[in-house]
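Quick look at entry_20.cif (mmCIF, C-alpha atoms):
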data_query
#
loop_
_atom_site.label_atom_id
_atom_site.label_comp_id
_atom_site.auth_asym_id
_atom_site.auth_seq_id
_atom_site.Cartn_x
_atom_site.Cartn_y
_atom_site.Cartn_z
CA MET A 1 84.86 154.99 131.38
CA LYS A 2 82.11 153.14 129.59
CA SER A 3 84.52 151.70 127.01
CA ASN A 4 86.85 150.55 129.79
CA LYS A 5 83.96 148.70 131.43
CA TYR A 6 83.16 146.98 128.14
CA LEU A 7 86.81 146.02 127.69
CA LEU A 8 86.92 144.66 131.24
CA ALA A 9 83.74 142.66 130.68
CA ILE A 10 85.12 141.18 127.46
CA LEU A 11 88.40 140.34 129.20
CA VAL A 12 86.60 138.59 132.07
CA PHE A 13 84.49 136.65 129.56
CA LEU A 14 87.55 135.54 127.59
CA ILE A 15 89.43 134.47 130.73
CA SER A 16 86.37 132.59 132.03
CA SER A 17 85.89 130.87 128.68
CA SER A 18 89.55 129.90 128.52
CA MET A 19 89.43 128.49 132.04
CA MET A 20 86.31 126.51 131.18
CA VAL A 21 87.90 125.05 128.06
CA PHE A 22 91.05 124.25 130.04
CA ALA A 23 89.02 122.54 132.78
CA GLN A 24 87.11 120.50 130.21
CA SER A 25 90.40 119.57 128.54
CA VAL A 26 91.94 118.48 131.84
CA ASN A 27 88.82 116.51 132.68
CA SER A 28 88.71 114.80 129.28
CA ASP A 29 92.41 113.97 129.62
CA MET A 30 91.49 111.98 132.71
CA LEU A 31 88.88 109.89 130.91
CA CYS A 32 89.54 106.44 129.46
CA VAL A 33 86.79 105.81 126.91
CA GLY A 34 86.09 102.75 124.78
CA ASP A 35 89.19 101.21 123.17
CA HIS A 36 91.44 103.53 125.13
CA TRP A 37 94.34 101.12 124.70
CA THR A 38 95.32 98.47 122.20
CA GLU A 39 95.09 94.85 123.28
CA GLU A 40 98.86 94.80 123.68
CA GLU A 41 98.86 97.93 125.83
CA GLY A 42 96.18 96.49 128.09
CA ALA A 43 98.08 93.24 128.61
CA SER A 44 101.33 95.14 129.17
CA PHE A 45 99.70 97.36 131.80
CA LEU A 46 98.55 94.32 133.79
CA GLN A 47 101.99 92.76 133.63
CA MET A 48 103.54 96.01 134.86
CA GLU A 49 101.02 96.30 137.70
CA LYS A 50 101.56 92.69 138.73
CA GLU A 51 105.15 93.53 139.59
CA LYS A 52 103.94 96.23 141.99
CA TYR A 53 101.85 93.99 144.23
CA LYS A 54 103.51 90.73 145.18
CA THR A 55 101.91 90.36 148.60
CA GLU A 56 98.38 90.46 149.95
CA LYS A 57 99.20 93.64 151.84
CA ALA A 58 100.46 95.35 148.67
CA TRP A 59 97.31 94.37 146.77
CA ASP A 60 95.05 95.53 149.60
CA LYS A 61 96.73 98.94 149.42
CA ARG A 62 96.19 99.02 145.65
CA ALA A 63 92.57 97.87 145.97
CA ASN A 64 91.89 100.60 148.52
CA ALA A 65 93.29 103.22 146.14
CA ILE A 66 91.12 101.90 143.29
CA ARG A 67 88.00 101.99 145.42
CA LYS A 68 88.78 105.52 146.59
CA GLN A 69 89.27 106.76 143.02
CA ILE A 70 85.95 105.29 141.86
CA LEU A 71 84.18 107.16 144.64
CA LYS A 72 86.20 110.34 144.17
CA GLY A 73 85.87 110.24 140.39
CA THR A 74 82.09 109.93 140.62
CA GLY A 75 81.80 112.46 143.41
CA LEU A 76 80.50 109.82 145.81
CA ASN A 77 83.44 110.07 148.20
CA LYS A 78 81.05 112.19 150.24
CA MET A 79 77.99 109.98 150.15
CA PRO A 80 74.59 111.71 150.01
CA LYS A 81 72.28 111.20 152.94
CA LYS A 82 70.24 108.04 152.51
CA THR A 83 66.66 109.26 152.49
CA PRO A 84 63.55 107.02 152.79
CA LEU A 85 63.05 104.77 149.75
CA LYS A 86 59.26 105.28 149.72
CA PRO A 87 58.58 102.32 147.39
CA VAL A 88 55.66 102.48 144.97
CA LEU A 89 54.34 98.91 144.76
CA GLY A 90 52.32 97.54 141.88
CA GLU A 91 50.03 94.52 141.80
CA ILE A 92 51.60 91.07 141.98
CA ARG A 93 51.27 88.90 138.86
CA LYS A 94 51.48 85.14 139.47
CA TYR A 95 53.18 82.68 137.10
CA ASP A 96 54.56 79.14 137.20
CA GLY A 97 57.03 79.10 140.08
CA TYR A 98 57.47 82.86 140.35
CA VAL A 99 55.66 86.17 140.72
CA VAL A 100 56.38 89.64 139.30
CA GLN A 101 55.74 93.00 140.94
CA ASN A 102 56.55 96.38 139.42
CA VAL A 103 58.20 98.78 141.83
CA ALA A 104 59.70 102.26 141.93
CA PHE A 105 61.67 103.72 144.82
CA GLU A 106 63.35 107.05 145.55
CA SER A 107 67.13 106.82 145.47
CA LEU A 108 67.23 110.55 146.25
CA PRO A 109 64.35 112.94 146.94
CA GLY A 110 62.34 113.04 143.72
CA VAL A 111 64.59 110.55 141.86
CA PHE A 112 62.54 107.43 141.17
CA VAL A 113 64.28 104.23 140.08
CA THR A 114 61.84 102.10 138.06
CA GLY A 115 61.99 98.32 137.88
CA SER A 116 60.37 94.98 138.60
CA LEU A 117 60.81 92.38 141.32
CA TYR A 118 60.85 88.70 140.39
CA MET A 119 60.24 86.45 143.39
CA PRO A 120 59.69 82.75 144.06
CA SER A 121 56.05 81.71 144.31
CA GLU A 122 56.81 80.37 147.75
CA ASN A 123 58.82 82.77 149.88
CA PRO A 124 60.08 81.07 153.05
CA GLY A 125 61.49 84.30 154.46
CA LYS A 126 65.10 85.39 154.24
CA ILE A 127 66.28 84.31 150.78
CA PRO A 128 69.14 85.28 148.45
CA GLY A 129 68.90 88.50 146.48
CA ILE A 130 70.16 89.23 142.95
CA ILE A 131 70.56 92.78 141.66
CA SER A 132 70.44 92.97 137.87
CA PRO A 133 71.44 96.15 135.99
CA HIS A 134 71.18 96.05 132.20
CA GLY A 135 73.23 97.09 129.19
CA HIS A 136 72.73 99.38 126.20
CA TRP A 137 70.08 97.56 124.22
CA THR A 138 67.73 100.05 122.56
CA LYS A 139 66.11 98.20 119.63
CA PRO A 140 62.30 98.16 119.96
CA GLY A 141 61.32 94.88 121.60
CA GLU A 142 64.91 94.44 122.82
CA VAL A 143 65.21 97.33 125.28
CA GLY A 144 67.23 96.96 128.48
CA ARG A 145 65.54 94.83 131.12
CA TYR A 146 62.49 94.22 128.91
CA ARG A 147 64.33 92.00 126.42
CA PRO A 148 62.97 88.43 126.24
CA ASN A 149 66.39 87.01 127.21
CA ALA A 150 66.49 89.31 130.23
CA GLN A 151 62.97 88.42 131.40
CA LYS A 152 63.75 84.73 131.07
CA ARG A 153 66.83 85.24 133.22
CA PHE A 154 65.05 87.16 135.97
CA ALA A 155 62.19 84.67 136.13
CA SER A 156 64.51 81.65 136.09
CA MET A 157 66.59 83.04 138.94
CA ALA A 158 63.39 83.66 140.91
CA ARG A 159 62.24 80.11 140.22
CA MET A 160 65.62 78.94 141.56
CA GLY A 161 64.79 80.66 144.84
CA ALA A 162 66.08 84.24 144.71
CA ILE A 163 64.54 87.70 144.89
CA VAL A 164 65.62 89.47 141.70
CA TRP A 165 65.59 93.24 141.26
CA ALA A 166 65.68 94.27 137.58
CA TYR A 167 65.83 98.04 137.21
CA ASP A 168 66.05 100.64 134.48
CA ALA A 169 69.25 102.47 133.71
CA VAL A 170 68.87 106.24 133.72
CA GLY A 171 67.07 107.20 130.51
CA TYR A 172 65.88 103.66 129.66
CA GLY A 173 62.43 102.09 129.72
CA GLN A 174 59.99 103.96 131.89
CA MET A 175 62.72 106.32 133.13
CA GLU A 176 63.11 107.44 129.50
CA GLU A 177 59.36 107.91 129.08
CA ILE A 178 59.26 109.98 132.25
CA GLY A 179 61.81 112.30 130.66
CA TRP A 180 65.29 111.17 131.73
CA GLU A 181 68.14 111.13 129.21
CA HIS A 182 70.84 108.48 129.40
CA ARG A 183 73.96 110.26 128.15
CA GLU A 184 73.43 113.30 130.32
CA GLY A 185 75.96 114.85 132.69
CA GLU A 186 76.97 112.78 135.69
CA VAL A 187 74.97 109.71 134.68
CA LEU A 188 77.71 107.40 135.98
CA LYS A 189 77.37 108.94 139.43
CA LEU A 190 73.59 108.55 139.46
CA GLN A 191 73.61 104.99 138.15
CA LEU A 192 76.15 103.88 140.73
CA TRP A 193 74.12 105.59 143.44
CA ASN A 194 70.93 103.91 142.16
CA SER A 195 72.73 100.57 142.41
CA ILE A 196 73.88 101.27 145.97
CA ARG A 197 70.31 102.17 146.91
CA SER A 198 69.16 98.99 145.17
CA VAL A 199 71.14 97.07 147.77
CA ASP A 200 69.31 99.03 150.48
CA PHE A 201 66.02 98.21 148.78
CA MET A 202 66.75 94.47 148.59
CA LEU A 203 67.71 94.36 152.25
CA SER A 204 64.53 96.25 153.15
CA LEU A 205 62.60 93.41 151.51
CA GLY A 206 64.27 90.89 153.79
CA ALA A 207 66.86 89.49 151.38
CA ASP A 208 69.60 87.48 153.07
CA PRO A 209 72.46 89.97 153.76
CA GLU A 210 74.96 87.10 153.47
CA LYS A 211 73.74 86.11 150.00
CA LEU A 212 73.53 89.18 147.79
CA ALA A 213 74.67 88.94 144.17
CA VAL A 214 74.94 91.30 141.22
CA THR A 215 74.99 90.31 137.55
CA GLY A 216 74.50 92.06 134.23
CA ALA A 217 75.92 92.10 130.72
CA SER A 218 77.76 94.77 128.76
CA GLY A 219 77.04 98.14 130.39
CA GLY A 220 75.12 96.18 133.03
CA ALA A 221 78.32 94.26 133.74
CA THR A 222 80.17 97.56 134.20
CA GLN A 223 77.56 98.61 136.75
CA SER A 224 77.92 95.18 138.36
CA PHE A 225 81.67 95.27 138.95
CA LEU A 226 81.61 98.93 139.98
CA LEU A 227 78.95 98.19 142.59
CA ALA A 228 80.85 95.12 143.75
CA ALA A 229 84.01 97.21 144.12
CA VAL A 230 82.51 99.96 146.29
CA ASP A 231 79.73 98.23 148.24
CA ASP A 232 80.96 95.60 150.70
CA ARG A 233 77.44 94.18 151.04
CA ILE A 234 77.69 92.39 147.68
CA ASP A 235 78.73 88.76 148.22
CA VAL A 236 78.80 87.31 144.68
CA ALA A 237 79.41 88.95 141.30
CA ALA A 238 78.97 87.72 137.72
CA PRO A 239 79.76 90.45 135.15
CA VAL A 240 79.08 89.14 131.64
CA VAL A 241 81.06 90.11 128.47
CA MET A 242 82.69 93.26 129.80
CA VAL A 243 85.82 92.84 131.93
CA SER A 244 88.61 93.79 129.53
CA ALA A 245 92.20 94.93 129.94
CA HIS A 246 92.02 97.39 127.05
CA PHE A 247 88.33 98.32 126.64
CA PHE A 248 86.97 100.71 129.26
CA GLY A 249 83.31 101.02 128.24
CA GLY A 250 82.15 103.43 125.58
CA CYS A 251 79.24 105.15 127.31
CA THR A 252 79.26 108.12 129.67
CA CYS A 253 77.62 105.86 132.26
CA GLU A 254 80.80 103.73 132.24
CA SER A 255 83.70 106.04 131.45
CA GLY A 256 82.30 109.56 131.48
CA MET A 257 83.86 110.44 134.83
CA PRO A 258 87.50 110.01 135.98
CA ILE A 259 87.31 106.64 137.72
CA HIS A 260 90.19 105.02 135.81
CA LYS A 261 92.70 107.84 135.72
CA ALA A 262 93.92 110.72 137.86
CA LYS A 263 97.19 112.53 138.46
CA ASN A 264 99.88 109.87 138.98
CA TYR A 265 97.20 107.17 138.89
CA GLN A 266 95.91 104.67 136.32
CA THR A 267 93.84 101.49 136.48
CA ASN A 268 91.56 99.45 134.21
CA ASN A 269 88.45 97.32 134.57
CA VAL A 270 90.40 94.16 135.36
CA GLU A 271 91.88 95.70 138.49
CA ILE A 272 88.49 97.17 139.39
CA ALA A 273 86.98 93.68 139.17
CA GLY A 274 89.86 92.43 141.31
CA VAL A 275 88.87 94.75 144.17
CA PHE A 276 86.08 92.23 144.85
CA ALA A 277 88.60 89.53 145.85
CA PRO A 278 88.34 87.12 147.58
CA LYS A 279 84.56 86.94 147.13
CA PRO A 280 83.18 84.63 144.37
CA LEU A 281 83.54 86.20 140.90
CA LEU A 282 82.63 84.75 137.50
CA LEU A 283 83.81 86.25 134.22
CA THR A 284 81.79 85.14 131.22
CA SER A 285 83.66 85.98 128.02
CA VAL A 286 83.22 85.40 124.28
CA GLY A 287 85.25 85.35 121.09
CA GLY A 288 83.13 88.00 119.42
CA ASP A 289 83.92 91.11 121.47
CA TRP A 290 86.61 92.78 123.60
CA THR A 291 86.61 89.86 126.08
CA LYS A 292 88.12 87.51 123.49
CA ASN A 293 91.48 87.43 125.31
CA THR A 294 90.07 86.73 128.77
CA PRO A 295 91.49 83.18 129.15
CA GLU A 296 95.02 84.41 128.38
CA VAL A 297 95.03 87.98 129.78
CA GLU A 298 92.27 89.07 132.16
CA PHE A 299 91.49 85.78 133.92
CA PRO A 300 95.12 84.89 134.80
CA HIS A 301 95.62 88.33 136.30
CA LEU A 302 92.52 87.96 138.45
CA GLN A 303 93.66 84.48 139.47
CA TYR A 304 96.90 86.09 140.59
CA ILE A 305 95.04 88.68 142.68
CA TYR A 306 92.78 86.02 144.17
CA GLY A 307 95.88 83.95 144.88
CA LEU A 308 97.33 86.83 146.89
CA LYS A 309 94.10 86.80 148.88
CA GLY A 310 94.46 83.04 149.45
CA HIS A 311 91.51 81.90 147.29
CA PRO A 312 92.43 81.50 143.59
CA GLU A 313 89.53 79.03 143.23
CA ARG A 314 86.93 81.71 143.91
CA VAL A 315 87.40 83.44 140.56
CA GLU A 316 86.14 81.54 137.52
CA ASN A 317 86.00 82.09 133.78
CA LYS A 318 83.56 80.60 131.31
CA HIS A 319 84.83 81.39 127.83
CA ILE A 320 82.57 80.83 124.81
CA PRO A 321 84.82 81.40 121.76
CA GLU A 322 82.06 80.95 119.18
CA ASP A 323 79.67 83.39 120.84
CA ASN A 324 79.07 87.14 120.62
CA HIS A 325 78.15 90.01 122.93
CA GLY A 326 75.02 89.58 125.07
CA TYR A 327 73.41 87.62 127.91
CA ASP A 328 71.78 84.96 125.77
CA GLU A 329 71.41 81.20 126.30
CA LYS A 330 75.04 80.10 126.58
CA LYS A 331 75.83 82.87 129.02
CA ARG A 332 72.88 81.93 131.21
CA GLN A 333 74.02 78.31 131.08
CA ALA A 334 77.30 79.52 132.56
CA VAL A 335 75.90 81.90 135.18
CA TYR A 336 73.02 79.84 136.62
CA PRO A 337 75.25 77.07 138.07
CA PHE A 338 77.65 79.64 139.50
CA LEU A 339 74.89 81.53 141.30
CA ALA A 340 73.25 78.31 142.42
CA LYS A 341 76.54 77.15 143.97
CA HIS A 342 77.28 80.34 145.86
CA LEU A 343 73.75 81.41 146.79
CA ASP A 344 72.46 77.92 147.59
CA LEU A 345 69.77 78.01 144.89
CA ASP A 346 67.89 75.13 143.25
CA LEU A 347 69.54 74.79 139.84
CA SER A 348 67.03 72.10 138.75
CA LYS A 349 64.37 74.83 138.47
CA ALA A 350 66.36 76.59 135.72
CA MET A 351 68.31 73.82 133.95
CA TYR A 352 67.83 70.21 132.93
CA GLU A 353 70.44 67.65 133.93
CA ASP A 354 71.87 67.71 130.41
CA GLY A 355 72.54 71.46 130.69
CA ARG A 356 69.61 72.73 128.61
CA LEU A 357 67.75 75.74 129.96
CA LYS A 358 64.40 75.05 131.57
CA GLU A 359 62.69 78.31 130.61
CA GLU A 360 59.52 77.09 128.88
CA ALA A 361 57.31 78.20 131.78
CA VAL A 362 58.59 81.79 131.71
CA VAL A 363 56.09 84.34 130.41
CA VAL A 364 57.65 87.20 128.44
CA GLU A 365 55.61 90.29 129.21
CA ASP A 366 55.01 93.41 127.16
CA GLN A 367 57.33 96.29 128.04
CA LYS A 368 54.61 98.56 129.41
CA THR A 369 53.25 95.74 131.54
CA LEU A 370 56.50 96.07 133.49
CA TYR A 371 56.09 99.79 134.24
CA PRO A 372 55.45 100.73 137.89
CA PHE A 373 53.85 104.08 137.04
CA THR A 374 50.38 103.71 135.52
CA GLU A 375 47.12 105.63 135.28
CA LYS A 376 46.17 104.20 138.67
CA SER A 377 49.59 105.02 140.09
CA PRO A 378 50.90 108.07 138.20
CA PHE A 379 54.39 109.54 138.37
CA PRO A 380 54.45 111.98 141.33
CA ASN A 381 54.30 115.66 140.43
CA TYR A 382 57.40 116.35 142.52
CA GLY A 383 59.42 113.71 140.66
CA LEU A 384 62.63 114.79 138.91
CA THR A 385 63.52 114.02 135.30
CA SER A 386 66.99 115.55 134.92
CA ILE A 387 70.36 115.13 136.59
CA ASP A 388 70.69 118.92 136.54
CA ASN A 389 67.86 119.21 139.07
CA ILE A 390 69.25 116.74 141.63
CA LYS A 391 70.24 118.09 145.04
CA TRP A 392 73.04 115.78 146.10
#
Could you render the structure from this file as structure tokens?
Amino acid sequence: MKSNKYLLAILVFLISSSMMVFAQSVNSDMLCVGDHWTEEEGASFLQMEKEKYKTEKAWDKRANAIRKQILKGTGLNKMPKKTPLKPVLGEIRKYDGYVVQNVAFESLPGVFVTGSLYMPSENPGKIPGIISPHGHWTKPGEVGRYRPNAQKRFASMARMGAIVWAYDAVGYGQMEEIGWEHREGEVLKLQLWNSIRSVDFMLSLGADPEKLAVTGASGGATQSFLLAAVDDRIDVAAPVVMVSAHFFGGCTCESGMPIHKAKNYQTNNVEIAGVFAPKPLLLTSVGGDWTKNTPEVEFPHLQYIYGLKGHPERVENKHIPEDNHGYDEKKRQAVYPFLAKHLDLDLSKAMYEDGRLKEEAVVVEDQKTLYPFTEKSPFPNYGLTSIDNIKW
């Protein structure tokens, strides 16, 4: 009897292990990671898809399916209850034309999103809001939202007249120091949820609900077009150096869950960006990364989608063939005028008439100066530091 029990236990273990491996295999088969396709395959896919939607109605049906798969693939098709944000507000630091305030809020009970608000020195009330997720920059002194280029951007946009929310990706900046890891489990689900709650946070501050934008580069651009695709409250989007027909994003926060592929279903980031149509969309692309073909491949396809929606002029492309991956000067020179046009901002506060950036007055702060949790305002003892402990 005893030996039979052992044999049964071993058999159950082997079957369970096999099922687990099979499930992981099926799941991984549904992931499109990094250079999932060649450039030719990406372009061919778009051409094939174009033949399937030749009317606005046909595209709307496709866009709805794409949106549904993003939510289903991340497990957000059943949205968690939106609990109180309970913002933790730091002291306001005053600079030339703008102020900075470090903030943390709870996107879920115990899950604190850390970031900083950049606001105009003079706040007349309801003003445009810009949500700014960041990419995978980890070099000391060049981390995420703390990078000098990033701080210049946030401050310049605030000087132009917008409220800017710059927040840490899971496992970056202060979220990393608290204990979060970036490439952990369902990080894509949590980051998208943090972005959705960031919209709630901006609106709670009194940002104009008719003038909400999102912009980021690299992985931050992925978060930008995913948010724009699933949250109708976003009015303007400017993903920088990311929208590609063949490259799907190499991090688990971009492609670690089945948002691009399912049974009898396939899409790519170009179509996901197209879900935003007909709202204003700017693609900033360069010759030095996977967006090098944008003028010939990705942009024309998005023009076609926007044409179906009756507004081909609302999607724009600024291609910088000599430039590389990032959100540095030339990219900001492209994005500032676009945001100024669609959010009714004062471009003269960020650029000279000859196109040079007017960023001399921006103060680049030390990374820890931008942390909302301090000795005076410590991280709450009930705060979570792992995706495994979240109660969705």
Could you list, with a cut-off of 10 Å and counting only C-alpha atoms, the residues of stretch 200-256 of chain A near stretch 80-91 of chain A, each shown with its nearest atom pair and the distance in Å rounded to one decimal, rows sorted by chain and ascending number, as JSON lines?
{"residue": "A:Asp200", "atom": "CA", "partner": "A:Leu85", "partner_atom": "CA", "distance": 8.5}
{"residue": "A:Phe201", "atom": "CA", "partner": "A:Leu85", "partner_atom": "CA", "distance": 7.3}
{"residue": "A:Ser204", "atom": "CA", "partner": "A:Leu85", "partner_atom": "CA", "distance": 9.3}
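Shortest atom-to-atom contact with A:Tyr98 among A:Lys349, A:Lys292, A:Lys57, A:Lys341: A:Lys349, counting all atoms listed in the file.
Taken over the whole file, the PyMOL selection byres ((chain A and resi 96) around 8) covers exactly A:Lys94, A:Tyr95, A:Gly97, A:Tyr98, A:Val99, A:Ser121, A:Ala361, A:Val362.
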Nearest to A:Gly42: which of A:Met257, A:Met202, A:Val297, A:Leu282 is it, counting all atoms listed in the file?
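Distance minimum relative to A:Gly42 lands on A:Val297.
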Quick one: residues within 8 Å of A:Phe225, only C-alpha atoms counted, chain neighbours fewer than 4 positions away excluded, as JSON, numbers by chain?
{"A": [221, 229, 237, 239, 272, 273, 276]}
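For the residues A:His260, A:Arg314, A:Lys309, A:Arg332, ranking by smallest atom-to-atom distance to A:Leu226 using all atoms listed in the file places A:His260 first.
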Rounded to one decimal in Å, what is the spacing between atom CA of A:Gly256 and atom CA of A:Gly220?
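Calculated distance between atom CA of A:Gly256 and atom CA of A:Gly220 is 15.3 Å.
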Could you write out as JSON the box around stretch 361-369 of chain A (axis-aligned, all atoms listed in the file, 3 Å on each side), with centre and edge lengths in Å to one decimal?
{"center_x": 55.9, "center_y": 88.4, "center_z": 129.5, "size_x": 11.3, "size_y": 26.4, "size_z": 10.6}
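Selection result for the displayed file, with the PyMOL selection byres ((chain A and resi 238) around 9) as criterion, is Ala213, Val214, Thr215, Gly216, Ala217, Ala221, Ser224, Phe225, Val236, Ala237, Pro239, Val240, Pro280, Leu281, Leu282, Leu283, Thr284, Val335, Phe338 and Leu339 of chain A.
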Counting all atoms listed in the file, what is within 7 Å of A:Ala350, bar same-chain residues fewer than 4 positions away, as a list in words?
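Selected residues are Ser156, Met160, Leu357, Lys358 and Glu359 of chain A.
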What lies within 10 Å of A:Asp388 using all atoms listed in the file, ignoring chain neighbours under 5 positions off, as a PDB file with C-alpha atoms, keeping the file's coordinate frame?
ATOM      1  CA  GLU A 184      73.430 113.300 130.320  1.00  0.00           C
ATOM      2  CA  GLY A 185      75.960 114.850 132.690  1.00  0.00           C
ATOM      3  CA  GLU A 186      76.970 112.780 135.690  1.00  0.00           C
TER       4      GLU A 186
END
Excluding A:Trp290 and its own-chain neighbours fewer than 4 positions away, which residues fall within 8 Å of it when counting all atoms listed in the file? Please give them as an MDAnalysis selection string.
chainID A and resid 241:242 244 246:247
Any chance you could work out the residue set of the PyMOL selection byres ((chain A and resi 171) around 10) here, as JSON, numbers by chain?
{"A": [168, 169, 170, 172, 173, 174, 175, 176, 177, 178, 179, 180, 181, 182, 183, 184, 187, 385, 386]}
